[in-house]
Amino acid sequence: MSTPMQERFVTLVDGRRVALLENRQAAPELPQKPLLIALHGWLDNGASFLPLAPYLDDFHLVCVDLPGHGHSDHKTTPYVFVDWLDDLYQITQAAGWSRFVLLGHSLGALIASAYAGVFPEQIERLILLEGLGPLTQPDEAVPAQIRRSILNRSRTRERSAAGFASIDEAVAARCKVAEITPEAARLICERQLEERAERWQWRSDPRLRDLSPLRMSEGQAQALIKAICCPVLFIRGEQGFAELEAQWQLRQGAFRQIEQVILPGNHHFHMENGAATAVCIVNFCQVR
């Protein structure tokens, strides 16, 4: 029988609260379960791991709502990639996590892979779903990227949110812009919405839609990957992000120890194929 997930919060040094969904730890007199920290994708939240959770009872599973997502507080500064690493470090310090298995999906996988290179002493094993290191750009693309970022921020400031008449309407809108089933989208939307003035509005920070002004060079991204010391499992969906195949060919040699698994499904395959995904995770972590 699976352990129900419970919500709790940790408070960072600057006063921001970060929401966590976790199963119960083992009783003090029993052997403690391995700590597994899960980071969701862009505009998702910790509920994206709920379909996976029943199959991960061998772990103390903690699903983080990244700042600006789900029930976590918004940031007062822009959402810049390197700052996600600072946020995660602050979360680990506030929660008292010194060493753990790190799991990330999509944006969460990009954060997890970079974090494992910066703080390798904290990470026992690294599991990447539909993400294989930071996004990059060639040097000559920098001026155009900064321009797009500034113009995009202007549009974000001017955008007004009409909201939705129902959760069903929000789920349908989410399915139109992402390859995700209505059932999976509903789990994410229910945690990402709140009712205001008789309309359903996104809790997530609108500034999450801002474009990043700068991306790393490929050399910088691979330097972070080469600094990862732990074993790595990379899982992608058969109908997931197509560019991951080329990225695998480019980067697999930079990892000290990595294995790849391809599972049926799209970018959110872990929500639709939780049992098979969990089998890969459990076998990789050797907890049974």
# chains A, B, ... in the order shown; residues from 1 in each chain; ligands from 1
>>> select_by_dssp(residues="region 40-262 of chain A", states="strand (DSSP E)", output="VMD selection string")
chain A and resid 60 to 64 100 to 105 123 to 129 193 to 196 199 to 202 232 to 237 258 to 262
>>> closest_atom_pairs(of="region 172-237 of chain A", to="region 90-104 of chain A", cutoff="12 Å", atoms="only C-alpha atoms", output="CSV")
residue,atom,partner,partner_atom,distance
A:Cys230,CA,A:Val101,CA,9.6
A:Pro231,CA,A:Val101,CA,10.2
A:Val232,CA,A:Leu102,CA,9.8
A:Leu233,CA,A:Leu103,CA,9.4
A:Phe234,CA,A:Gly104,CA,10.0
A:Ile235,CA,A:Gly104,CA,10.4
A:Arg236,CA,A:Gly104,CA,11.8
>>> residues_around(residues="region 238-252 of chain A", least_positions_apart="3", cutoff="8 Å", atoms="only C-alpha atoms", output="list of chain:residue names")
A:Glu130, A:Gly131, A:Leu132, A:Gln222, A:Phe255, A:Ile258, A:Ile262, A:Leu263, A:Pro264, A:Gly265, A:Asn266, A:His267, A:His268, A:Phe269
>>> residues_around(residues="Ala221 (chain A)", least_positions_apart="3", cutoff="12 Å", atoms="only C-alpha atoms", output="list in words")
Val82, Leu110, Ile111, Ser113, Ala114, Tyr115, Gly117, Val118, Leu132, Gly133, Pro134, Leu135, Thr136, Gln137, Pro138, Arg215, Met216, Ser217, Glu218, Leu224, Ile225, Lys226, Ala227, Ile228, Gln247, Leu250, Arg251, Ala254 and Phe255 of chain A
>>> residues_around(residues="Leu107 (chain A)", least_positions_apart="6", cutoff="7 Å", atoms="only C-alpha atoms", output="ChimeraX atom specification")
/A:40-42
>>> write_last_selection(atoms="N, CA, C and O atoms", output="compact mmCIF listing (two decimals), in the first residue's frame")
# COMPACT_ATOMS: atom_id res chain seq x y z
N HIS A 40 10.49 19.35 -10.61
CA HIS A 40 9.57 19.30 -11.74
C HIS A 40 10.02 20.18 -12.90
O HIS A 40 11.03 20.90 -12.82
N GLY A 41 9.24 20.16 -13.96
CA GLY A 41 9.53 20.95 -15.15
C GLY A 41 8.95 22.35 -15.10
O GLY A 41 8.23 22.73 -14.16
N TRP A 42 9.25 23.12 -16.14
CA TRP A 42 8.81 24.52 -16.26
C TRP A 42 7.29 24.59 -16.29
O TRP A 42 6.63 23.90 -17.08
>>> atom_distance(atom1="CA of Pro4 (chain A)", atom2="CA of Arg203 (chain A)")
23.7 Å
>>> select_by_dssp(residues="region 4-193 of chain A", states="alpha helix (DSSP H)", output="count of residues only")
66
>>> residues_around(residues="Leu43 (chain A)", least_positions_apart="4", cutoff="8 Å", atoms="only C-alpha atoms", output="number ranges by chain")
A: 69, 204, 208
>>> atom_distance(atom1="CA of Asp210 (chain A)", atom2="CA of Arg8 (chain A)")
28.4 Å
>>> atom_distance(atom1="CA of Cys229 (chain A)", atom2="CA of Glu121 (chain A)")
8.1 Å
